[in-house]
>>> print(open('entry-v8.cif').read())   # mmCIF, C-alpha atoms (C1' of nucleotides)
data_final
#
loop_
_atom_site.label_atom_id
_atom_site.label_comp_id
_atom_site.auth_asym_id
_atom_site.auth_seq_id
_atom_site.Cartn_x
_atom_site.Cartn_y
_atom_site.Cartn_z
CA MET Z 1 61.67 -14.64 62.78
CA CYS Z 2 64.56 -12.43 61.97
CA GLY Z 3 64.98 -8.79 62.73
CA ARG Z 4 64.86 -7.51 59.17
CA VAL Z 5 62.20 -6.93 56.52
CA ARG Z 6 61.93 -5.01 53.27
CA LEU Z 7 59.27 -2.79 51.70
CA ASP Z 8 60.10 -1.59 48.24
CA ILE Z 9 57.00 -0.67 46.24
CA PRO Z 10 55.12 2.65 45.91
CA PHE Z 11 52.44 3.44 48.48
CA ALA Z 12 49.81 3.86 45.77
CA GLU Z 13 50.21 0.21 44.89
CA ILE Z 14 50.02 -0.79 48.55
CA ALA Z 15 46.89 1.29 49.08
CA LYS Z 16 45.24 -0.36 46.10
CA THR Z 17 46.05 -3.90 47.22
CA LEU Z 18 45.07 -3.28 50.84
CA ASN Z 19 42.14 -0.96 50.09
CA ILE Z 20 43.51 1.82 52.27
CA LEU Z 21 41.40 4.98 52.19
CA GLY Z 22 43.26 7.15 54.68
CA ASP Z 23 46.05 9.59 53.92
CA ALA Z 24 49.36 8.35 52.53
CA PRO Z 25 52.01 8.25 55.21
CA ASN Z 26 55.47 9.50 54.29
CA THR Z 27 56.91 6.09 53.39
CA ARG Z 28 60.00 5.52 51.31
CA ALA Z 29 61.25 2.26 49.91
CA SER Z 30 63.64 0.31 52.12
CA TRP Z 31 65.35 -3.02 51.60
CA ASN Z 32 66.69 -3.22 55.13
CA ILE Z 33 64.24 -2.35 57.89
CA ALA Z 34 65.45 -3.24 61.40
CA PRO Z 35 63.83 -3.11 64.86
CA THR Z 36 63.51 0.49 66.13
CA HIS Z 37 62.91 1.61 62.54
CA ASP Z 38 59.46 2.57 61.32
CA MET Z 39 57.23 -0.07 59.78
CA LEU Z 40 54.24 0.54 57.55
CA VAL Z 41 51.14 -0.66 59.36
CA ALA Z 42 47.51 -0.85 58.23
CA TYR Z 43 44.54 -1.03 60.59
CA LEU Z 44 40.82 -0.36 60.76
CA HIS Z 45 40.24 3.18 61.97
CA PRO Z 46 37.91 2.71 64.97
CA GLU Z 47 35.67 5.70 64.24
CA ARG Z 48 35.87 6.07 60.48
CA GLN Z 49 35.60 2.31 59.90
CA TYR Z 50 37.94 2.19 56.95
CA ARG Z 51 41.52 1.05 56.59
CA VAL Z 52 44.26 3.56 57.27
CA ALA Z 53 48.03 3.26 57.00
CA GLU Z 54 50.63 4.68 59.32
CA ASN Z 55 54.31 4.41 60.14
CA MET Z 56 54.91 2.95 63.57
CA ARG Z 57 58.06 2.09 65.44
CA TRP Z 58 58.94 -1.60 65.14
CA GLY Z 59 59.24 -2.75 68.75
CA MET Z 60 56.16 -2.40 70.92
CA VAL Z 61 56.32 0.10 73.77
CA PRO Z 62 53.80 -0.95 76.45
CA ARG Z 63 51.62 1.92 77.61
CA TRP Z 64 52.80 1.44 81.19
CA ALA Z 65 56.48 1.71 80.29
CA LYS Z 66 58.35 4.50 82.04
CA GLU Z 67 60.72 4.95 79.11
CA ALA Z 68 60.04 4.61 75.41
CA TYR Z 69 63.16 2.46 75.04
CA SER Z 70 63.96 -0.65 77.03
CA LYS Z 71 66.35 -3.55 76.83
CA TYR Z 72 63.51 -6.04 76.28
CA PRO Z 73 63.03 -6.96 72.64
CA THR Z 74 59.38 -6.55 71.67
CA HIS Z 75 59.63 -6.52 67.88
CA ASN Z 76 58.24 -10.06 67.83
CA ALA Z 77 55.48 -11.59 69.95
CA ARG Z 78 55.16 -15.34 70.21
CA ALA Z 79 51.64 -16.46 69.26
CA GLU Z 80 51.73 -18.93 72.13
CA ILE Z 81 51.84 -16.16 74.76
CA VAL Z 82 50.48 -13.07 73.03
CA ARG Z 83 47.10 -13.28 74.77
CA THR Z 84 48.40 -13.30 78.31
CA LYS Z 85 51.83 -11.74 78.77
CA ALA Z 86 52.01 -8.24 80.20
CA THR Z 87 53.46 -6.46 77.18
CA PHE Z 88 50.94 -7.71 74.62
CA ARG Z 89 47.84 -8.50 76.69
CA ASP Z 90 46.19 -5.10 76.59
CA PRO Z 91 46.51 -4.57 72.83
CA TRP Z 92 45.26 -8.13 72.29
CA ARG Z 93 42.24 -7.69 74.57
CA GLU Z 94 41.37 -4.36 73.01
CA GLY Z 95 41.66 -5.76 69.49
CA LYS Z 96 44.45 -3.41 68.43
CA ARG Z 97 45.39 -5.76 65.62
CA CYS Z 98 47.04 -4.56 62.46
CA LEU Z 99 48.65 -5.69 59.23
CA VAL Z 100 52.38 -5.10 59.02
CA VAL Z 101 53.11 -4.38 55.37
CA THR Z 102 56.29 -5.79 53.80
CA ASN Z 103 57.60 -7.35 50.62
CA GLY Z 104 59.24 -10.11 52.63
CA PHE Z 105 61.71 -10.81 55.40
CA TYR Z 106 65.20 -12.20 55.86
CA GLU Z 107 66.43 -15.27 57.69
CA TRP Z 108 70.03 -16.25 58.36
CA ARG Z 109 71.26 -19.82 58.11
CA GLU Z 110 73.20 -20.52 61.26
CA ARG Z 111 75.93 -22.70 59.80
CA ASP Z 112 77.42 -20.09 57.49
CA LYS Z 113 75.41 -16.94 58.26
CA GLN Z 114 74.04 -17.07 54.73
CA PRO Z 115 70.97 -14.79 54.57
CA PHE Z 116 67.83 -15.74 52.68
CA ALA Z 117 64.88 -13.64 51.65
CA VAL Z 118 61.41 -15.08 52.23
CA ALA Z 119 58.12 -13.86 50.76
CA ARG Z 120 54.63 -14.94 49.89
CA ALA Z 121 54.73 -16.59 46.47
CA LYS Z 122 52.63 -15.04 43.69
CA GLU Z 123 51.89 -11.91 45.78
CA ASN Z 124 53.55 -8.50 45.79
CA LEU Z 125 52.99 -7.96 49.50
CA THR Z 126 53.96 -10.17 52.42
CA ILE Z 127 51.45 -9.19 55.08
CA MET Z 128 52.24 -10.00 58.70
CA ALA Z 129 49.89 -10.21 61.68
CA GLY Z 130 50.74 -7.44 64.12
CA LEU Z 131 49.58 -5.63 67.22
CA ARG Z 132 49.87 -1.90 67.79
CA GLU Z 133 50.10 0.29 70.86
CA ILE Z 134 50.20 3.98 71.77
CA TRP Z 135 52.56 5.19 74.51
CA THR Z 136 52.46 8.64 76.03
CA ASP Z 137 55.12 10.17 78.24
CA LYS Z 138 53.29 11.47 81.32
CA SER Z 139 55.53 14.48 81.80
CA SER Z 140 56.43 15.62 78.29
CA GLY Z 141 53.35 14.37 76.45
CA GLU Z 142 55.57 12.75 73.85
CA VAL Z 143 53.64 10.06 71.93
CA VAL Z 144 55.17 6.91 70.41
CA ARG Z 145 53.06 4.67 68.23
CA SER Z 146 54.62 1.22 67.92
CA CYS Z 147 53.95 -2.27 66.65
CA THR Z 148 55.04 -5.90 66.96
CA VAL Z 149 55.03 -8.87 64.56
CA ILE Z 150 53.51 -12.10 65.83
CA THR Z 151 55.55 -15.27 65.25
CA THR Z 152 54.65 -18.94 65.06
CA LYS Z 153 56.15 -22.31 64.15
CA PRO Z 154 57.82 -22.45 60.71
CA ASN Z 155 56.22 -24.10 57.70
CA SER Z 156 58.04 -26.95 55.98
CA LEU Z 157 59.88 -24.64 53.57
CA ILE Z 158 61.39 -22.54 56.35
CA GLU Z 159 61.80 -25.27 58.93
CA PRO Z 160 65.28 -26.33 57.69
CA TYR Z 161 66.49 -22.78 58.35
CA HIS Z 162 64.55 -21.56 61.40
CA ASP Z 163 62.27 -22.74 64.14
CA ARG Z 164 60.07 -19.63 63.93
CA MET Z 165 58.42 -17.52 61.23
CA PRO Z 166 56.20 -14.46 61.24
CA VAL Z 167 52.47 -15.06 60.97
CA LEU Z 168 51.62 -14.26 57.35
CA LEU Z 169 48.04 -13.54 56.38
CA ALA Z 170 46.28 -14.26 53.09
CA GLU Z 171 43.89 -11.62 51.77
CA ALA Z 172 40.88 -13.68 52.77
CA ASP Z 173 41.91 -13.39 56.43
CA TRP Z 174 42.55 -9.64 56.51
CA PRO Z 175 38.97 -8.59 57.37
CA LYS Z 176 38.80 -10.97 60.30
CA TRP Z 177 42.21 -9.95 61.65
CA LEU Z 178 41.37 -6.25 61.30
CA GLY Z 179 38.02 -6.69 63.02
CA GLU Z 180 35.93 -5.78 59.97
CA THR Z 181 33.96 -9.01 60.08
CA PRO Z 182 32.68 -10.46 63.35
CA ALA Z 183 34.77 -13.26 64.80
CA SER Z 184 35.22 -14.90 68.18
CA GLU Z 185 38.51 -14.60 70.02
CA ALA Z 186 39.13 -18.28 69.25
CA GLU Z 187 38.58 -17.70 65.52
CA ILE Z 188 40.99 -14.78 65.56
CA TYR Z 189 43.61 -16.70 67.52
CA ASP Z 190 43.24 -19.54 65.03
CA LEU Z 191 44.68 -17.28 62.31
CA LEU Z 192 48.05 -17.39 64.07
CA LYS Z 193 49.41 -20.46 62.32
CA PRO Z 194 52.19 -21.14 59.79
CA TYR Z 195 51.53 -19.85 56.27
CA PRO Z 196 51.19 -22.69 53.69
CA SER Z 197 54.65 -23.66 52.44
CA GLU Z 198 53.35 -24.06 48.89
CA ASP Z 199 52.51 -20.33 48.93
CA THR Z 200 55.93 -19.33 50.28
CA MET Z 201 59.17 -18.74 48.40
CA LEU Z 202 62.77 -18.43 49.62
CA TRP Z 203 66.02 -17.44 47.90
CA PRO Z 204 69.60 -16.62 48.91
CA VAL Z 205 70.64 -12.96 49.07
CA SER Z 206 73.86 -11.03 49.61
CA LYS Z 207 75.45 -10.99 53.05
CA ARG Z 208 75.49 -7.20 52.73
CA VAL Z 209 71.97 -7.26 54.19
CA GLY Z 210 73.56 -7.90 57.59
CA ASN Z 211 74.63 -4.27 57.83
CA VAL Z 212 71.73 -1.81 58.21
CA ARG Z 213 73.78 0.88 56.46
CA ASN Z 214 73.43 -1.15 53.27
CA ASN Z 215 70.06 -0.29 51.80
CA ASP Z 216 69.56 -0.65 48.05
CA PRO Z 217 67.43 -2.75 45.68
CA SER Z 218 70.14 -5.36 45.11
CA LEU Z 219 69.87 -6.51 48.74
CA ALA Z 220 66.73 -8.45 47.85
CA ASP Z 221 68.16 -9.87 44.61
CA LYS Z 222 68.68 -13.58 44.30
CA ILE Z 223 72.38 -14.43 44.32
CA GLU Z 224 74.08 -17.46 42.87
CA LEU Z 225 75.59 -19.62 45.58
CA ALA Z 226 78.76 -21.55 44.86
CA PRO Z 227 77.93 -25.08 43.66
CA GLU Z 228 79.15 -26.50 46.96
CA GLU Z 229 76.91 -24.15 48.94
CA LEU Z 230 73.97 -24.87 46.65
CA GLN Z 231 74.39 -28.54 47.25
CA ARG Z 232 74.04 -28.08 50.99
CA LEU Z 233 71.30 -25.49 50.69
CA ILE Z 234 69.51 -27.39 53.42
"C1'" DC J 1 54.55 -8.90 101.17
"C1'" DC J 2 57.84 -5.80 98.00
"C1'" DA J 3 61.09 -5.47 94.21
"C1'" DG J 4 61.74 -6.17 89.81
"C1'" DA J 5 60.32 -7.77 85.50
"C1'" DC J 6 57.60 -7.08 81.66
"C1'" DG J 7 60.91 -10.46 75.52
"C1'" DT J 8 62.76 -12.62 71.28
"C1'" DT J 9 65.77 -15.45 68.36
"C1'" DG J 10 68.84 -18.83 68.46
"C1'" DT J 11 72.66 -20.84 71.13
"C1'" DT J 12 75.87 -23.06 74.21
"C1'" DG R 1 49.61 -1.34 85.13
"C1'" DT R 2 50.08 -6.12 86.81
"C1'" DC R 3 52.40 -10.49 87.44
"C1'" DT R 4 56.35 -13.20 89.29
"C1'" DG R 5 60.15 -14.49 92.19
"C1'" DG R 6 62.22 -14.33 96.41
"C1'" DC Y 1 69.61 -10.74 62.55
"C1'" DC Y 2 74.77 -8.43 62.21
"C1'" DA Y 3 78.06 -4.64 63.18
"C1'" DG Y 4 80.18 -2.15 66.39
"C1'" DA Y 5 81.09 -0.85 70.93
"C1'" DC Y 6 83.15 -2.07 74.98
"C1'" DG Y 7 82.64 4.86 79.61
"C1'" DT Y 8 82.41 8.41 83.18
"C1'" DT Y 9 80.50 11.76 86.89
"C1'" DG Y 10 76.80 12.91 89.54
"C1'" DT Y 11 71.90 12.81 90.15
"C1'" DT Y 12 67.38 10.85 91.35
"C1'" DG B 1 83.39 -12.34 74.96
"C1'" DT B 2 78.96 -10.05 75.15
"C1'" DC B 3 75.72 -6.33 74.90
"C1'" DT B 4 73.48 -2.58 72.20
"C1'" DG B 5 71.81 -0.07 68.28
"C1'" DG B 6 70.02 -0.12 63.96
#
>>> encode(input="entry-v8.cif", output="structure tokens")
Amino acid sequence: MCGRVRLDIPFAEIAKTLNILGDAPNTRASWNIAPTHDMLVAYLHPERQYRVAENMRWGMVPRWAKEAYSKYPTHNARAEIVRTKATFRDPWREGKRCLVVTNGFYEWRERDKQPFAVARAKENLTIMAGLREIWTDKSSGEVVRSCTVITTKPNSLIEPYHDRMPVLLAEADWPKWLGETPASEAEIYDLLKPYPSEDTMLWPVSKRVGNVRNNDPSLADKIELAPEELQRLI
DNA sequence: CCAGACGTTGTT
DNA sequence: GTCTGG
DNA sequence: CCAGACGTTGTT
DNA sequence: GTCTGG
């Protein structure tokens, strides 16, 4: 997927939809969230056994990392390797799965760099399958909580634009992904597939989204492409 | 064995 | 921390 | 993904 | 031209 998402509705609404019982994290609306920024993440609190929400850095920091920042991009994890590769293996094995909460994401068409917004159709929230991790600096004790978004093959709507898309989860799959209902590893891994294209929508947006300093509601607005561009939408 | 990587998307 | 490449 | 930078000395 | 930061 791309390196940008948006989240632009009040937390109260999110908490209601996701049935989050924990405290409200200090989230503010953003139409341009990039890697290294905070993402809103929901997960099952291991002791309390209810859903909590938290801001976590987008870009997983493995617990064994010497530094909190590295040159290796970890904001996405390919579903094909997430179970085995060093960076994601431990969180996967330990079931540190989470829901990454967004209102959608952006993709750029290569030919003309035209950005498009993508979201689940008919739903306010576009929920992505994620993993989370906690990193602690051995000397200073500094703690960084971070997350990654799992990617998979694109569905037929997105395929003309990109060869990858984030794993999106329908509400019926949330309990299994969060570990609230029993499921085998194979059943859980089976959730990592393209979201149905008939439940996905896509529309062109302003190129201003390319600059992270631009961050206002109009970034997610549908724009009118010139007739010529419309014609070669795909 | 030790040193160095540990990753993604989208390209050429 | 653990796997991979040399 | 795009926008913006594009370096050094000295230290471990 | 290519890498880094957001």
>>> interface_residues(input="entry-v8.cif", of="chain Z", to="chain R", cutoff="9 Å", atoms="all atoms listed in the file", output="JSON, numbers by chain")
{"Z": [63, 64, 65, 85, 86]}
>>> atom_distance(input="entry-v8.cif", atom1="CA of Arg109 in chain Z", atom2="CA of Ile9 in chain Z")
26.7 Å
>>> closest_residue(input="entry-v8.cif", among="Z:Gly141, Z:Gly210, Z:Gly179, Z:Pro217", to="chain Y", atoms="only C-alpha atoms (C1' of nucleotides)")
Z:Gly210
>>> axis_aligned_box(input="entry-v8.cif", around="range 61-69 of chain Z", padding_each_side="6 Å", output="lines of an AutoDock Vina configuration file")
center_x = 57.4
center_y = 2.0
center_z = 77.9
size_x = 23.5
size_y = 17.9
size_z = 20.3
>>> atom_distance(input="entry-v8.cif", atom1="CA of Glu107 in chain Z", atom2="CA of Arg4 in chain Z")
8.1 Å
>>> resolve_selection(input="entry-v8.cif", expression="the PyMOL selection byres ((chain Z) within 9 of (chain J))", output="PyMOL selection string")
chain Z and resi 1-3+62+65+71-78+85-87+110+162-164
>>> resolve_selection(input="entry-v8.cif", expression="the PyMOL selection byres ((chain Z and resi 189-196) around 7)", output="PDB file with C-alpha atoms, keeping the file's coordinate frame")
ATOM      1  CA  ALA Z  79      51.640 -16.460  69.260  1.00  0.00           C
ATOM      2  CA  THR Z 152      54.650 -18.940  65.060  1.00  0.00           C
ATOM      3  CA  LYS Z 153      56.150 -22.310  64.150  1.00  0.00           C
ATOM      4  CA  PRO Z 154      57.820 -22.450  60.710  1.00  0.00           C
ATOM      5  CA  ASN Z 155      56.220 -24.100  57.700  1.00  0.00           C
ATOM      6  CA  VAL Z 167      52.470 -15.060  60.970  1.00  0.00           C
ATOM      7  CA  LEU Z 168      51.620 -14.260  57.350  1.00  0.00           C
ATOM      8  CA  GLU Z 185      38.510 -14.600  70.020  1.00  0.00           C
ATOM      9  CA  ALA Z 186      39.130 -18.280  69.250  1.00  0.00           C
ATOM     10  CA  GLU Z 187      38.580 -17.700  65.520  1.00  0.00           C
ATOM     11  CA  ILE Z 188      40.990 -14.780  65.560  1.00  0.00           C
ATOM     12  CA  SER Z 197      54.650 -23.660  52.440  1.00  0.00           C
ATOM     13  CA  GLU Z 198      53.350 -24.060  48.890  1.00  0.00           C
ATOM     14  CA  ASP Z 199      52.510 -20.330  48.930  1.00  0.00           C
ATOM     15  CA  THR Z 200      55.930 -19.330  50.280  1.00  0.00           C
TER      16      THR Z 200
END
>>> atom_distance(input="entry-v8.cif", atom1="CA of Arg57 in chain Z", atom2="CA of Val82 in chain Z")
18.6 Å
